[in-house]
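One structure is given below, encoded as structure tokens.
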Amino acid sequence: MSILMKPLCAVIGHRRSHRRVWHDHVDLRTLCVRCGTPLIRSADKGWRPFVPSDDHPGRISRDAYREQMKRETELHAAGPADPEQWARLLIATFGDAVRGAPANTATLFDRLVVDLRSEPAFAEAIVTGRLDLPARTAVGVACGRLIGATRPLSLQFVDPLARYLLACARSTQPAAPPTSANPLG
């Protein structure tokens with residue numbers, strides 16, 4: 001960057017870096033490619049310089065965002081084929097030790113199944129075998145509450161979790177009593 005970049009940006013405006021855009025849990029952010037000024041995307045004004053009044057406790061740094069994306073990629077790649085490893089990654093990615101109950105990865109799925117049996121949408125899914133949106137939402141909410149998620153769980157992670165929990169719940173459900181074809185007999 002040359003010394004002329006700051007005055008150039010002051011005259012013609014900043015130029016955002018398309019490669020360095022990240023979401024800080026509140027807004028989209030990036031840097032000016034010419035002068036390095038932090039920029040924020042405003043819904044009404046477009047990209048503008050980040051000012052101290054934009055500070056928000058929910059914002060994360062670019063490094064924290066990159067770490068979060070790395071953990072989400074690992075979680076997505078792992079899938080629930082190895083449930084204990086997947087649970088560990090899920091807690092590390094979305095969990096908050098302060099907000100959540102102490103989540104033991106070995107019992108996380110059992111606790112979720114027990115919690116979800118009282119949810120009407122998931123109870124219906126156990127009976128029918130179909131995971132509709134309310135049942136998947138119930139899984140996301142119950143899991144988020146249990147691990148103390150700082151933000152809602154994405155459906156890309158809720159869906160495999162919901163399928164796994166439904167299979168667990170259906171396998172442990174007591175068998176229905178056989179119905180007799182002959183009512184008198």
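The chains in the structure tokens are called A, B, ... from first to last as shown; in each chain the residues are counted from 1, and the ligands are counted from 1 in the order shown.
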
Please report, as a compact mmCIF listing (two decimals) with all heavy atoms, in the first residue's frame, each residue of range 82-172 of chain A to which DSSP assigns alpha helix (DSSP H) when run on this structure's backbone.
```txt
# COMPACT_ATOMS: atom_id res chain seq x y z
N PRO A 83 -20.67 -41.70 16.11
CA PRO A 83 -21.47 -40.78 16.93
C PRO A 83 -20.70 -40.05 18.01
O PRO A 83 -20.92 -38.86 18.23
CB PRO A 83 -22.53 -41.70 17.54
CG PRO A 83 -22.60 -42.86 16.65
CD PRO A 83 -21.23 -43.03 16.08
N GLU A 84 -19.78 -40.71 18.69
CA GLU A 84 -19.08 -40.04 19.78
C GLU A 84 -18.17 -38.93 19.25
O GLU A 84 -18.15 -37.81 19.78
CB GLU A 84 -18.26 -41.03 20.59
CG GLU A 84 -17.73 -40.42 21.86
CD GLU A 84 -17.12 -41.45 22.79
OE1 GLU A 84 -17.61 -42.59 22.82
OE2 GLU A 84 -16.16 -41.09 23.48
N GLN A 85 -17.44 -39.19 18.16
CA GLN A 85 -16.58 -38.17 17.56
C GLN A 85 -17.44 -37.02 17.02
O GLN A 85 -17.11 -35.85 17.18
CB GLN A 85 -15.74 -38.78 16.43
CG GLN A 85 -14.96 -37.77 15.61
CD GLN A 85 -13.87 -37.08 16.40
OE1 GLN A 85 -13.48 -37.51 17.48
NE2 GLN A 85 -13.39 -35.98 15.87
N TRP A 86 -18.56 -37.35 16.39
CA TRP A 86 -19.44 -36.32 15.84
C TRP A 86 -20.01 -35.45 16.95
O TRP A 86 -20.09 -34.24 16.81
CB TRP A 86 -20.56 -36.98 15.03
CG TRP A 86 -21.25 -36.04 14.12
CD1 TRP A 86 -20.80 -35.58 12.92
CD2 TRP A 86 -22.52 -35.43 14.33
NE1 TRP A 86 -21.72 -34.73 12.37
CE2 TRP A 86 -22.79 -34.62 13.21
CE3 TRP A 86 -23.46 -35.48 15.35
CZ2 TRP A 86 -23.94 -33.88 13.10
CZ3 TRP A 86 -24.61 -34.74 15.22
CH2 TRP A 86 -24.85 -33.95 14.11
N ALA A 87 -20.39 -36.07 18.07
CA ALA A 87 -20.91 -35.31 19.21
C ALA A 87 -19.84 -34.38 19.76
O ALA A 87 -20.12 -33.23 20.10
CB ALA A 87 -21.41 -36.25 20.30
N ARG A 88 -18.60 -34.85 19.85
CA ARG A 88 -17.51 -34.02 20.33
C ARG A 88 -17.32 -32.81 19.42
O ARG A 88 -17.17 -31.68 19.89
CB ARG A 88 -16.22 -34.85 20.38
CG ARG A 88 -15.42 -34.63 21.62
CD ARG A 88 -14.16 -35.48 21.72
NE ARG A 88 -14.46 -36.87 21.99
CZ ARG A 88 -14.24 -37.88 21.13
NH1 ARG A 88 -13.71 -37.66 19.96
NH2 ARG A 88 -14.54 -39.11 21.44
N LEU A 89 -17.35 -33.03 18.11
CA LEU A 89 -17.21 -31.93 17.15
C LEU A 89 -18.40 -30.98 17.22
O LEU A 89 -18.24 -29.76 17.12
CB LEU A 89 -17.07 -32.47 15.73
CG LEU A 89 -15.73 -33.08 15.37
CD1 LEU A 89 -15.82 -33.81 14.03
CD2 LEU A 89 -14.65 -32.04 15.34
N LEU A 90 -19.60 -31.52 17.40
CA LEU A 90 -20.80 -30.69 17.50
C LEU A 90 -20.71 -29.76 18.70
O LEU A 90 -20.98 -28.57 18.60
CB LEU A 90 -22.05 -31.56 17.60
CG LEU A 90 -23.38 -30.83 17.65
CD1 LEU A 90 -23.71 -30.28 16.28
CD2 LEU A 90 -24.48 -31.76 18.12
N ILE A 91 -20.30 -30.30 19.83
CA ILE A 91 -20.17 -29.49 21.04
C ILE A 91 -19.06 -28.45 20.87
O ILE A 91 -19.24 -27.29 21.24
CB ILE A 91 -19.91 -30.38 22.27
CG1 ILE A 91 -21.15 -31.24 22.56
CG2 ILE A 91 -19.54 -29.56 23.48
CD1 ILE A 91 -20.92 -32.36 23.54
N ALA A 92 -17.94 -28.84 20.27
CA ALA A 92 -16.84 -27.90 20.06
C ALA A 92 -17.22 -26.80 19.08
O ALA A 92 -16.79 -25.66 19.22
CB ALA A 92 -15.60 -28.63 19.56
N THR A 93 -18.04 -27.13 18.10
CA THR A 93 -18.41 -26.17 17.06
C THR A 93 -19.48 -25.21 17.53
O THR A 93 -19.38 -24.00 17.33
CB THR A 93 -18.89 -26.91 15.80
OG1 THR A 93 -17.85 -27.79 15.37
CG2 THR A 93 -19.20 -25.92 14.68
N PHE A 94 -20.53 -25.72 18.14
CA PHE A 94 -21.68 -24.88 18.48
C PHE A 94 -21.90 -24.69 19.97
O PHE A 94 -22.66 -23.83 20.37
CB PHE A 94 -22.97 -25.48 17.88
CG PHE A 94 -22.99 -25.46 16.40
CD1 PHE A 94 -22.82 -26.62 15.68
CD2 PHE A 94 -23.17 -24.28 15.71
CE1 PHE A 94 -22.84 -26.61 14.31
CE2 PHE A 94 -23.19 -24.25 14.34
CZ PHE A 94 -23.02 -25.42 13.63
N LEU A 108 -24.83 -37.92 25.19
CA LEU A 108 -25.53 -36.82 24.53
C LEU A 108 -26.73 -37.31 23.73
O LEU A 108 -27.84 -36.78 23.85
CB LEU A 108 -24.56 -36.06 23.61
CG LEU A 108 -25.20 -34.94 22.79
CD1 LEU A 108 -25.57 -33.77 23.70
CD2 LEU A 108 -24.26 -34.47 21.70
N PHE A 109 -26.55 -38.35 22.94
CA PHE A 109 -27.63 -38.84 22.10
C PHE A 109 -28.75 -39.45 22.94
O PHE A 109 -29.93 -39.26 22.64
CB PHE A 109 -27.11 -39.83 21.07
CG PHE A 109 -26.12 -39.21 20.13
CD1 PHE A 109 -24.80 -39.59 20.15
CD2 PHE A 109 -26.50 -38.21 19.24
CE1 PHE A 109 -23.87 -39.01 19.29
CE2 PHE A 109 -25.60 -37.63 18.38
CZ PHE A 109 -24.27 -38.03 18.41
N ASP A 110 -28.39 -40.17 24.00
CA ASP A 110 -29.41 -40.75 24.88
C ASP A 110 -30.23 -39.65 25.54
O ASP A 110 -31.46 -39.74 25.61
CB ASP A 110 -28.76 -41.62 25.96
CG ASP A 110 -28.04 -42.83 25.38
OD1 ASP A 110 -28.42 -43.27 24.27
OD2 ASP A 110 -27.08 -43.30 26.01
N ARG A 111 -29.57 -38.61 26.01
CA ARG A 111 -30.29 -37.49 26.64
C ARG A 111 -31.19 -36.79 25.64
O ARG A 111 -32.31 -36.38 25.97
CB ARG A 111 -29.29 -36.51 27.25
CG ARG A 111 -28.62 -37.07 28.49
CD ARG A 111 -27.58 -36.16 29.06
NE ARG A 111 -28.15 -34.90 29.51
CZ ARG A 111 -27.42 -33.90 29.95
NH1 ARG A 111 -26.11 -34.00 29.98
NH2 ARG A 111 -28.00 -32.78 30.35
N LEU A 112 -30.70 -36.63 24.40
CA LEU A 112 -31.52 -35.98 23.38
C LEU A 112 -32.76 -36.81 23.06
O LEU A 112 -33.86 -36.27 22.92
CB LEU A 112 -30.71 -35.74 22.11
CG LEU A 112 -29.79 -34.52 22.14
CD1 LEU A 112 -28.85 -34.52 20.94
CD2 LEU A 112 -30.59 -33.25 22.18
N VAL A 113 -32.60 -38.12 22.94
CA VAL A 113 -33.75 -38.98 22.65
C VAL A 113 -34.77 -38.88 23.77
O VAL A 113 -35.98 -38.76 23.52
CB VAL A 113 -33.31 -40.44 22.41
CG1 VAL A 113 -34.50 -41.38 22.39
CG2 VAL A 113 -32.53 -40.56 21.11
N VAL A 114 -34.31 -38.90 25.02
CA VAL A 114 -35.23 -38.78 26.15
C VAL A 114 -35.96 -37.44 26.12
O VAL A 114 -37.18 -37.38 26.29
CB VAL A 114 -34.46 -38.96 27.49
CG1 VAL A 114 -35.33 -38.58 28.68
CG2 VAL A 114 -33.98 -40.40 27.63
N ASP A 115 -35.21 -36.34 25.88
CA ASP A 115 -35.84 -35.02 25.80
C ASP A 115 -36.84 -34.93 24.64
O ASP A 115 -37.90 -34.32 24.77
CB ASP A 115 -34.78 -33.92 25.63
CG ASP A 115 -33.97 -33.67 26.88
OD1 ASP A 115 -34.31 -34.24 27.94
OD2 ASP A 115 -32.98 -32.91 26.81
N LEU A 116 -36.48 -35.52 23.51
CA LEU A 116 -37.31 -35.39 22.31
C LEU A 116 -38.57 -36.25 22.35
O LEU A 116 -39.53 -35.95 21.65
CB LEU A 116 -36.48 -35.72 21.07
CG LEU A 116 -35.46 -34.65 20.69
CD1 LEU A 116 -34.47 -35.19 19.67
CD2 LEU A 116 -36.16 -33.42 20.17
N PRO A 120 -44.06 -33.21 20.81
CA PRO A 120 -45.09 -33.82 19.97
C PRO A 120 -44.65 -34.07 18.53
O PRO A 120 -44.97 -35.13 17.96
CB PRO A 120 -46.24 -32.82 20.02
CG PRO A 120 -45.98 -31.97 21.21
CD PRO A 120 -44.51 -31.99 21.45
N ALA A 121 -43.93 -33.16 17.93
CA ALA A 121 -43.53 -33.32 16.53
C ALA A 121 -42.56 -34.50 16.38
O ALA A 121 -42.67 -35.28 15.42
CB ALA A 121 -42.89 -32.04 16.00
N PHE A 122 -41.64 -34.65 17.32
CA PHE A 122 -40.69 -35.75 17.23
C PHE A 122 -41.36 -37.07 17.61
O PHE A 122 -41.06 -38.11 17.03
CB PHE A 122 -39.46 -35.50 18.11
CG PHE A 122 -38.31 -36.43 17.81
CD1 PHE A 122 -37.52 -36.20 16.70
CD2 PHE A 122 -38.04 -37.52 18.60
CE1 PHE A 122 -36.47 -37.06 16.40
CE2 PHE A 122 -37.00 -38.38 18.32
CZ PHE A 122 -36.20 -38.15 17.20
N ALA A 123 -42.27 -37.03 18.57
CA ALA A 123 -43.01 -38.25 18.95
C ALA A 123 -43.80 -38.77 17.75
O ALA A 123 -43.86 -39.98 17.51
CB ALA A 123 -43.93 -37.97 20.12
N GLU A 124 -44.38 -37.87 16.97
CA GLU A 124 -45.09 -38.28 15.76
C GLU A 124 -44.12 -38.86 14.74
O GLU A 124 -44.44 -39.83 14.06
CB GLU A 124 -45.83 -37.09 15.16
CG GLU A 124 -46.64 -37.44 13.94
CD GLU A 124 -47.37 -36.25 13.35
OE1 GLU A 124 -47.76 -35.35 14.10
OE2 GLU A 124 -47.53 -36.24 12.12
N ALA A 125 -42.93 -38.28 14.64
CA ALA A 125 -41.93 -38.79 13.71
C ALA A 125 -41.50 -40.20 14.11
O ALA A 125 -41.23 -41.03 13.23
CB ALA A 125 -40.72 -37.86 13.67
N ILE A 126 -41.44 -40.50 15.40
CA ILE A 126 -41.09 -41.84 15.84
C ILE A 126 -42.13 -42.84 15.36
O ILE A 126 -41.81 -43.92 14.88
CB ILE A 126 -40.94 -41.90 17.38
CG1 ILE A 126 -39.74 -41.08 17.83
CG2 ILE A 126 -40.81 -43.33 17.87
CD1 ILE A 126 -39.63 -40.90 19.33
N VAL A 127 -43.39 -42.45 15.46
CA VAL A 127 -44.47 -43.34 15.05
C VAL A 127 -44.52 -43.49 13.54
O VAL A 127 -44.62 -44.61 13.02
CB VAL A 127 -45.83 -42.82 15.59
CG1 VAL A 127 -46.99 -43.62 15.04
CG2 VAL A 127 -45.84 -42.82 17.10
N THR A 128 -44.45 -42.39 12.80
CA THR A 128 -44.60 -42.43 11.35
C THR A 128 -43.31 -42.74 10.61
O THR A 128 -43.35 -43.21 9.47
CB THR A 128 -45.14 -41.09 10.82
OG1 THR A 128 -44.19 -40.06 11.09
CG2 THR A 128 -46.48 -40.75 11.45
N LEU A 133 -40.40 -30.80 8.93
CA LEU A 133 -39.69 -29.61 9.44
C LEU A 133 -39.92 -29.38 10.94
O LEU A 133 -38.95 -29.10 11.65
CB LEU A 133 -40.09 -28.37 8.63
CG LEU A 133 -39.32 -27.10 8.99
CD1 LEU A 133 -37.82 -27.29 8.79
CD2 LEU A 133 -39.82 -25.93 8.17
N PRO A 134 -41.14 -29.51 11.47
CA PRO A 134 -41.29 -29.32 12.92
C PRO A 134 -40.48 -30.32 13.76
O PRO A 134 -39.93 -29.96 14.80
CB PRO A 134 -42.79 -29.49 13.16
CG PRO A 134 -43.43 -29.15 11.85
CD PRO A 134 -42.45 -29.62 10.81
N ALA A 135 -40.37 -31.55 13.29
CA ALA A 135 -39.59 -32.55 14.02
C ALA A 135 -38.10 -32.20 13.97
O ALA A 135 -37.40 -32.29 14.98
CB ALA A 135 -39.82 -33.94 13.45
N ARG A 136 -37.61 -31.79 12.80
CA ARG A 136 -36.21 -31.40 12.67
C ARG A 136 -35.92 -30.15 13.50
O ARG A 136 -34.86 -30.04 14.11
CB ARG A 136 -35.86 -31.19 11.20
CG ARG A 136 -35.95 -32.48 10.43
CD ARG A 136 -35.65 -32.40 8.95
NE ARG A 136 -35.34 -31.14 8.37
CZ ARG A 136 -35.90 -30.67 7.26
NH1 ARG A 136 -36.82 -31.37 6.64
NH2 ARG A 136 -35.55 -29.51 6.76
N THR A 137 -36.87 -29.23 13.52
CA THR A 137 -36.70 -28.02 14.33
C THR A 137 -36.63 -28.38 15.81
O THR A 137 -35.81 -27.83 16.56
CB THR A 137 -37.85 -27.04 14.07
OG1 THR A 137 -37.88 -26.72 12.68
CG2 THR A 137 -37.70 -25.77 14.88
N ALA A 138 -37.46 -29.31 16.23
CA ALA A 138 -37.44 -29.76 17.63
C ALA A 138 -36.08 -30.36 17.98
O ALA A 138 -35.55 -30.13 19.08
CB ALA A 138 -38.55 -30.77 17.89
N VAL A 139 -35.49 -31.12 17.06
CA VAL A 139 -34.17 -31.69 17.29
C VAL A 139 -33.13 -30.59 17.44
O VAL A 139 -32.32 -30.60 18.35
CB VAL A 139 -33.78 -32.66 16.14
CG1 VAL A 139 -32.31 -33.06 16.24
CG2 VAL A 139 -34.67 -33.88 16.15
N GLY A 140 -33.16 -29.59 16.55
CA GLY A 140 -32.21 -28.48 16.61
C GLY A 140 -32.33 -27.70 17.91
O GLY A 140 -31.32 -27.34 18.52
N VAL A 141 -33.56 -27.43 18.32
CA VAL A 141 -33.78 -26.67 19.55
C VAL A 141 -33.32 -27.47 20.77
O VAL A 141 -32.64 -26.93 21.66
CB VAL A 141 -35.27 -26.27 19.68
CG1 VAL A 141 -35.59 -25.74 21.05
CG2 VAL A 141 -35.64 -25.26 18.61
N ALA A 142 -33.68 -28.75 20.83
CA ALA A 142 -33.30 -29.58 21.98
C ALA A 142 -31.78 -29.73 22.07
O ALA A 142 -31.19 -29.61 23.15
CB ALA A 142 -33.96 -30.95 21.89
N CYS A 143 -31.14 -29.95 20.94
CA CYS A 143 -29.68 -30.10 20.94
C CYS A 143 -29.02 -28.78 21.30
O CYS A 143 -28.09 -28.75 22.11
CB CYS A 143 -29.21 -30.58 19.57
SG CYS A 143 -27.43 -30.87 19.53
N GLY A 144 -29.50 -27.69 20.73
CA GLY A 144 -28.93 -26.38 21.05
C GLY A 144 -29.05 -26.04 22.52
O GLY A 144 -28.13 -25.52 23.13
N ARG A 145 -30.21 -26.37 23.09
CA ARG A 145 -30.43 -26.11 24.51
C ARG A 145 -29.49 -26.97 25.36
O ARG A 145 -28.91 -26.50 26.33
CB ARG A 145 -31.90 -26.40 24.85
CG ARG A 145 -32.28 -26.12 26.28
CD ARG A 145 -33.77 -26.35 26.56
NE ARG A 145 -34.23 -27.66 26.12
CZ ARG A 145 -35.16 -27.87 25.19
NH1 ARG A 145 -35.74 -26.86 24.59
NH2 ARG A 145 -35.52 -29.09 24.86
N LEU A 146 -29.31 -28.22 24.98
CA LEU A 146 -28.48 -29.14 25.76
C LEU A 146 -27.00 -28.75 25.74
O LEU A 146 -26.34 -28.79 26.77
CB LEU A 146 -28.65 -30.57 25.25
CG LEU A 146 -27.94 -31.65 26.04
CD1 LEU A 146 -28.49 -31.72 27.46
CD2 LEU A 146 -28.09 -32.99 25.36
N ILE A 147 -26.50 -28.34 24.57
CA ILE A 147 -25.08 -28.00 24.49
C ILE A 147 -24.81 -26.51 24.71
O ILE A 147 -23.67 -26.08 24.71
CB ILE A 147 -24.46 -28.45 23.15
CG1 ILE A 147 -25.03 -27.67 21.97
CG2 ILE A 147 -24.58 -29.94 22.97
CD1 ILE A 147 -24.34 -27.95 20.65
N LEU A 155 -29.45 -26.39 9.48
CA LEU A 155 -30.13 -27.63 9.08
C LEU A 155 -29.17 -28.64 8.48
O LEU A 155 -29.43 -29.84 8.55
CB LEU A 155 -31.25 -27.32 8.08
CG LEU A 155 -32.56 -26.84 8.69
CD1 LEU A 155 -33.60 -26.61 7.61
CD2 LEU A 155 -33.10 -27.82 9.72
N GLN A 156 -28.05 -28.21 7.91
CA GLN A 156 -27.10 -29.17 7.37
C GLN A 156 -26.51 -30.06 8.46
O GLN A 156 -26.06 -31.16 8.18
CB GLN A 156 -26.00 -28.49 6.57
CG GLN A 156 -24.98 -27.75 7.40
CD GLN A 156 -23.86 -27.18 6.55
OE1 GLN A 156 -23.85 -27.34 5.35
NE2 GLN A 156 -22.93 -26.51 7.19
N PHE A 157 -26.53 -29.59 9.71
CA PHE A 157 -26.06 -30.41 10.83
C PHE A 157 -27.22 -31.03 11.59
O PHE A 157 -27.09 -32.08 12.17
CB PHE A 157 -25.20 -29.58 11.77
CG PHE A 157 -24.04 -28.94 11.09
CD1 PHE A 157 -23.91 -27.57 11.02
CD2 PHE A 157 -23.08 -29.72 10.47
CE1 PHE A 157 -22.85 -26.99 10.37
CE2 PHE A 157 -22.01 -29.14 9.80
CZ PHE A 157 -21.90 -27.77 9.75
N VAL A 158 -28.37 -30.37 11.57
CA VAL A 158 -29.54 -30.90 12.27
C VAL A 158 -30.09 -32.12 11.54
O VAL A 158 -30.50 -33.09 12.17
CB VAL A 158 -30.63 -29.81 12.43
CG1 VAL A 158 -31.93 -30.40 12.94
CG2 VAL A 158 -30.14 -28.73 13.37
N ASP A 159 -30.10 -32.10 10.21
CA ASP A 159 -30.68 -33.21 9.46
C ASP A 159 -30.02 -34.56 9.73
O ASP A 159 -30.71 -35.53 10.05
CB ASP A 159 -30.70 -32.90 7.96
CG ASP A 159 -31.77 -31.88 7.60
OD1 ASP A 159 -32.66 -31.63 8.43
OD2 ASP A 159 -31.71 -31.33 6.48
N PRO A 160 -28.68 -34.68 9.64
CA PRO A 160 -28.10 -35.98 9.97
C PRO A 160 -28.30 -36.36 11.44
O PRO A 160 -28.50 -37.52 11.76
CB PRO A 160 -26.62 -35.84 9.62
CG PRO A 160 -26.37 -34.41 9.37
CD PRO A 160 -27.68 -33.74 9.15
N LEU A 161 -28.28 -35.36 12.31
CA LEU A 161 -28.52 -35.61 13.72
C LEU A 161 -29.94 -36.11 13.93
O LEU A 161 -30.18 -37.08 14.66
CB LEU A 161 -28.27 -34.34 14.53
CG LEU A 161 -28.58 -34.39 16.03
CD1 LEU A 161 -27.68 -35.41 16.71
CD2 LEU A 161 -28.41 -33.03 16.65
N ALA A 162 -30.90 -35.48 13.27
CA ALA A 162 -32.31 -35.88 13.41
C ALA A 162 -32.51 -37.31 12.89
O ALA A 162 -33.22 -38.10 13.52
CB ALA A 162 -33.21 -34.90 12.67
N ARG A 163 -31.89 -37.63 11.76
CA ARG A 163 -32.02 -39.00 11.22
C ARG A 163 -31.44 -40.02 12.19
O ARG A 163 -32.02 -41.07 12.44
CB ARG A 163 -31.35 -39.11 9.85
CG ARG A 163 -32.14 -38.46 8.74
CD ARG A 163 -31.59 -38.82 7.37
NE ARG A 163 -30.24 -38.37 7.15
CZ ARG A 163 -29.90 -37.17 6.70
NH1 ARG A 163 -30.84 -36.30 6.42
NH2 ARG A 163 -28.63 -36.85 6.54
N TYR A 164 -30.29 -39.69 12.76
CA TYR A 164 -29.64 -40.61 13.70
C TYR A 164 -30.49 -40.78 14.96
O TYR A 164 -30.72 -41.90 15.43
CB TYR A 164 -28.25 -40.10 14.06
CG TYR A 164 -27.51 -40.99 15.02
CD1 TYR A 164 -26.93 -42.17 14.59
CD2 TYR A 164 -27.43 -40.67 16.37
CE1 TYR A 164 -26.28 -43.01 15.47
CE2 TYR A 164 -26.77 -41.49 17.26
CZ TYR A 164 -26.19 -42.67 16.81
OH TYR A 164 -25.56 -43.51 17.69
N LEU A 165 -30.98 -39.67 15.50
CA LEU A 165 -31.80 -39.74 16.71
C LEU A 165 -33.12 -40.46 16.46
O LEU A 165 -33.60 -41.21 17.32
CB LEU A 165 -32.07 -38.34 17.26
CG LEU A 165 -30.85 -37.61 17.81
CD1 LEU A 165 -31.21 -36.18 18.18
CD2 LEU A 165 -30.28 -38.34 19.01
N LEU A 166 -33.70 -40.27 15.28
CA LEU A 166 -34.94 -40.98 14.95
C LEU A 166 -34.68 -42.48 14.89
O LEU A 166 -35.47 -43.27 15.41
CB LEU A 166 -35.52 -40.48 13.63
CG LEU A 166 -36.82 -41.14 13.20
CD1 LEU A 166 -37.94 -40.85 14.19
CD2 LEU A 166 -37.22 -40.66 11.81
N ALA A 167 -33.56 -42.88 14.28
CA ALA A 167 -33.22 -44.30 14.22
C ALA A 167 -33.01 -44.87 15.63
O ALA A 167 -33.47 -45.97 15.94
CB ALA A 167 -31.99 -44.51 13.37
N CYS A 168 -32.32 -44.10 16.48
CA CYS A 168 -32.11 -44.54 17.88
C CYS A 168 -33.43 -44.67 18.61
O CYS A 168 -33.67 -45.66 19.31
CB CYS A 168 -31.21 -43.57 18.62
SG CYS A 168 -29.51 -43.56 18.09
N ALA A 169 -34.30 -43.68 18.46
CA ALA A 169 -35.58 -43.69 19.16
C ALA A 169 -36.47 -44.82 18.67
O ALA A 169 -37.15 -45.48 19.47
CB ALA A 169 -36.29 -42.35 18.98
N ARG A 170 -36.47 -45.06 17.39
CA ARG A 170 -37.31 -46.15 16.84
C ARG A 170 -36.79 -47.51 17.24
O ARG A 170 -37.56 -48.45 17.44
CB ARG A 170 -37.41 -46.01 15.33
CG ARG A 170 -38.27 -44.84 14.91
CD ARG A 170 -38.41 -44.80 13.42
NE ARG A 170 -39.12 -45.97 12.97
CZ ARG A 170 -40.27 -45.96 12.32
NH1 ARG A 170 -40.81 -44.81 12.01
NH2 ARG A 170 -40.86 -47.07 11.95
N SER A 171 -35.46 -47.65 17.37
CA SER A 171 -34.91 -48.96 17.73
C SER A 171 -35.15 -49.29 19.20
O SER A 171 -35.21 -50.46 19.57
CB SER A 171 -33.41 -49.01 17.43
OG SER A 171 -32.71 -48.17 18.31
N THR A 172 -35.30 -48.26 20.05
CA THR A 172 -35.53 -48.50 21.47
C THR A 172 -37.00 -48.43 21.84
O THR A 172 -37.34 -48.63 23.00
CB THR A 172 -34.76 -47.49 22.34
OG1 THR A 172 -35.20 -46.16 22.02
CG2 THR A 172 -33.27 -47.61 22.11
```

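Every residue of chain A found in strand (DSSP E or B) when DSSP is run on the backbone appears here: Arg16, Trp22, His23, Leu28, Arg29, Thr30, Leu31, Cys32, Pro38, Leu39, Ile40, Arg41, Ser42, Gly46, Trp47, Arg48 and Pro49 of chain A.
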
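Closest approach to Tyr65 in chain A among A:Val33, A:Val21, A:Ile40, A:Ala149 is made by A:Val21 (distances from only C-alpha atoms).
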
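Straight-line separation from CA of Gly36 in chain A to CA of His56 in chain A: 21.0 Å.
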